[in-house]
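These notes are about the structure you will find just below.
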Amino acid sequence: MSIITRLWKAIPSGHAVLASLFVALWMAPAEAELRVDITRGSVRAMPIAVTNFIGTEARERDIGRDIAAVIKSDLELSGLFKPIDPKAFIAVETSLDTVPNFQNWSVLNADALAQGRVTLLAGNRIRIKFRLWDVAPQKQSFGQKFTTVASNWRRIAHIISDAIYKRVTGEDGYFDTRIVYIAETGRGDRRIKRLAIMDWDGANHHFLTDGNDLVLTPRFSPSRQEITYMSYFRNVPRVYIFNIETGRQEMLGDFPGMTFAPRFSPDGNKVIMSMAKDGNTEIYTMDLRTRAVKRLTRHSAIDTSPYISPDGKKVVFNSDRSGGQQLYVMNADGSSVKRISFGKGRYATPVWSPRGDLIAFTKISGGKFFIGVMAPDGSGERLLADGFLVESPTWSPNGRVLMFFRETPLSRKGGKRTRLFSIDLTGQNERQIVTPMDASDPAWSPLIP
């Protein structure tokens with residue numbers, strides 16, 4: 001049994017603090033047989049039984065019930081798992097140290113069984129033990145043990161969900177993550193836009209800005225817990241970096257010609273952006289250490305919405321240099337520009353997958369908006385979602401799920417509703433992400449370190 005010690009930094013603005021986490025992992029003697037192939041176009045959701053985590057004291061049982069609820073929600077929202085209704089359970093084991101009665105679970109057609117225990121410790125700390133069982137061969141798939149502060153129970157639930165996801169699919173999960181987005185209230189020219197952040201499932205929601213200044217297009221750093229975003233202070237667009245762990249905000253500068261928000265490079269040391277100078281919009285990078293700015297494109301057309309590939313070697317962007325708004329890929333130094341989109345309609349907001357295998361985009365065609373993906377060479381275009389207005393795709397850190405916002409008119413007299421949605425690459429598992437108010441322009445964080 002290996003012991004892994006991980007230290008977590010404090011997160012401001014009310015987010016749960018994980019002071020220290022000790023994880024013990026024990027494996028089954030044989031290779032686990034639980035498996036879901038998520039590369040297929042259609043996937044059968046795996047039936048899984050998730051029991052309330054047991055405990056001796058009432059508070060332990062309350063925390064255990066909440067942990068199980070989050071795990072079930074995470075797994076169900078992925079579309080790959082089908083949690084069994086607890087009302088159907090025949091009997092639930094009262095000990096985590098004995099082998100379950102697998103007959104009680106096989107008759108429910110459960111492929112997997114998730115169990116756990118919560119123990120209160122001194123200093124308002126808790127110990128959480130977890131086991132995943134493969135029901136058919138009656139084997140333990142794996143187990144984990146955590147020690148942390150009691151207030152961090154929700155994050156532990158997300159970490160367990162990620163572990164189950166990886167054990168069953170062979171790929172990293174995406175549940176221990178955050179979403180930053182623009183929270184919108186009001187109507188017309190009185191609409192207030194605030195920067196907000198929450199867990200991927202909508203929990204732990206809070207605001208990062210007060211709404212006095214217009215904020216737009218937040219983007220996460222792929223290597224740090226930092227956000228870059230635009231804010232209009234006295235009608236002048238400024239670019240800021242906000243550090244989630246420390247709460248420190250830093251202004252990069254005033255950019256009167258900014259046409260699209262900057263995005264981080266894969267190593268987090270640069271931002272790439274488009275700026276209009278002398279009536280011409282081009283793509284630039286800024287080194288965050290030296291503040292040196294470098295121009296990448298030189299064309300009379302409008303070049304905007306740049307995004308750097310995960311390996312740092314390529315840049316995708318959209319441009320009207322061919323007469324209509326299309327997607328292009330170039331080398332990171334601006335050389336070898338090549339058009340990759342050739343379908344009907346206009347293309348915008350390209351975003352490279354963290355896996356490097358796909359580029360997500362917004363497409364406008366036939367009076368409708370679409371969210372789609374294509375390979376970096378432009379092949380294999382697929383449209384996953386559509387609507388009156390769907391826009392701003394952002395990738396989960398494992399590159400298997402997209403989040404975007406959808407705007408829906410409320411009536412012919414005006415007004416709209418804007419909400420966040422997620423959809424996987426099969427295009428068959430679209431889910432609304434609940435927010436307390438209208439929401440737009442989401443950005444998905446990496447897994448929390």
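Residue numbering restarts at 1 in every chain; chains get A, B, ... in the order shown in the structure tokens, and ligands count up from 1 in that same order.
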Please provide the set of residues having any atom within 9 Å of Pro449 in chain A, restricted to only C-alpha atoms, with same-chain residues fewer than 2 positions apart removed, written as a short mmCIF file (atom, residue, chain, number, x, y, z; two decimals) with C-alpha atoms, in the first residue's frame.
data_model
loop_
_atom_site.label_atom_id
_atom_site.label_comp_id
_atom_site.auth_asym_id
_atom_site.auth_seq_id
_atom_site.Cartn_x
_atom_site.Cartn_y
_atom_site.Cartn_z
CA TRP A 8 -3.29 22.18 -0.64
CA ARG A 224 -1.97 27.94 -12.79
CA GLN A 225 -5.08 28.88 -10.85
CA PRO A 446 -7.68 22.56 -15.26
CA LEU A 447 -7.96 19.99 -12.48
#
**Study point:** Lys129 in chain A surroundings by only C-alpha atoms, 9 Å radius, close-in-sequence under 4 positions cut, as a PyMOL selection string
**Key:** chain A and resi 24+53+96+115-119+143-147
**Study point:** DSSP alpha helix (DSSP H) residues within range 86-185 of chain A, listed as a PyMOL selection string
**Key:** chain A and resi 103-106+153-169
Write the residues you've just listed into a file as a PDB file, in the first residue's frame, and include C-alpha atoms for each of them.
ATOM      1  CA  GLN A 103     -26.064 -11.130  -4.830  1.00  0.00           C
ATOM      2  CA  ASN A 104     -27.915  -8.104  -3.406  1.00  0.00           C
ATOM      3  CA  TRP A 105     -26.343  -5.940  -6.110  1.00  0.00           C
ATOM      4  CA  SER A 106     -26.260  -8.309  -9.062  1.00  0.00           C
ATOM      5  CA  TRP A 153     -16.059  16.964   2.084  1.00  0.00           C
ATOM      6  CA  ARG A 154     -17.498  18.171  -1.246  1.00  0.00           C
ATOM      7  CA  ARG A 155     -14.115  18.369  -2.904  1.00  0.00           C
ATOM      8  CA  ILE A 156     -13.269  14.863  -1.695  1.00  0.00           C
ATOM      9  CA  ALA A 157     -16.499  13.690  -3.341  1.00  0.00           C
ATOM     10  CA  HIS A 158     -15.376  15.203  -6.666  1.00  0.00           C
ATOM     11  CA  ILE A 159     -11.937  13.582  -6.317  1.00  0.00           C
ATOM     12  CA  ILE A 160     -13.589  10.191  -5.722  1.00  0.00           C
ATOM     13  CA  SER A 161     -15.809  10.753  -8.773  1.00  0.00           C
ATOM     14  CA  ASP A 162     -12.691  11.468 -10.840  1.00  0.00           C
ATOM     15  CA  ALA A 163     -11.088   8.267  -9.546  1.00  0.00           C
ATOM     16  CA  ILE A 164     -14.141   6.189 -10.502  1.00  0.00           C
ATOM     17  CA  TYR A 165     -14.271   7.829 -13.928  1.00  0.00           C
ATOM     18  CA  LYS A 166     -10.610   7.090 -14.588  1.00  0.00           C
ATOM     19  CA  ARG A 167     -10.847   3.513 -13.324  1.00  0.00           C
ATOM     20  CA  VAL A 168     -13.782   2.770 -15.617  1.00  0.00           C
ATOM     21  CA  THR A 169     -12.836   4.783 -18.720  1.00  0.00           C
TER      22      THR A 169
END
Practice item. Mind checking which residues fall within 9 Å of Leu208 in chain A, counting only C-alpha atoms, ignoring those fewer than 3 positions away in the same chain, and posting them as a ChimeraX atom specification? Key: /A:13,194-197,242,247
May I have the selected residues written with N, CA and C atoms, as an mmCIF file, in the first residue's frame?
data_model
loop_
_atom_site.group_PDB
_atom_site.id
_atom_site.type_symbol
_atom_site.label_atom_id
_atom_site.label_comp_id
_atom_site.auth_asym_id
_atom_site.auth_seq_id
_atom_site.Cartn_x
_atom_site.Cartn_y
_atom_site.Cartn_z
ATOM 1 N N SER A 13 -12.153 33.787 -0.749
ATOM 2 C CA SER A 13 -13.550 34.073 -1.104
ATOM 3 C C SER A 13 -14.485 32.938 -0.756
ATOM 4 N N ARG A 194 -21.056 40.507 -13.998
ATOM 5 C CA ARG A 194 -20.057 40.284 -12.955
ATOM 6 C C ARG A 194 -19.287 38.996 -13.237
ATOM 7 N N LEU A 195 -18.051 38.996 -12.824
ATOM 8 C CA LEU A 195 -17.245 37.792 -12.923
ATOM 9 C C LEU A 195 -17.599 36.866 -11.761
ATOM 10 N N ALA A 196 -17.940 35.619 -12.067
ATOM 11 C CA ALA A 196 -18.340 34.656 -11.041
ATOM 12 C C ALA A 196 -17.577 33.364 -11.224
ATOM 13 N N ILE A 197 -17.456 32.609 -10.138
ATOM 14 C CA ILE A 197 -16.755 31.335 -10.174
ATOM 15 C C ILE A 197 -17.519 30.315 -9.347
ATOM 16 N N PHE A 242 -6.239 37.571 -12.470
ATOM 17 C CA PHE A 242 -6.730 37.363 -11.103
ATOM 18 C C PHE A 242 -6.232 36.009 -10.617
ATOM 19 N N GLY A 247 -6.073 35.749 -4.319
ATOM 20 C CA GLY A 247 -7.000 36.850 -4.449
ATOM 21 C C GLY A 247 -6.371 38.100 -5.043
#
Exercise for review: Just the residues within 7 Å of Phe317 in chain A, please, counting only C-alpha atoms, with nothing from its chain fewer than 4 positions along; format it as a list of chain:residue names.
Suggested key: A:Asp303, A:Thr304, A:Ser305, A:Pro306, A:Tyr307, A:Leu327, A:Tyr328, A:Val329, A:Pro350
Exercise for review: Would you mind listing what lies within 12 Å of range 435-437 of chain A as a VMD selection string, with only C-alpha atoms counted and same-chain residues fewer than 2 positions away left out?
Suggested key: chain A and resid 179 to 186 192 to 194 196 to 207 405 416 to 421 432 to 433 439 to 440 442
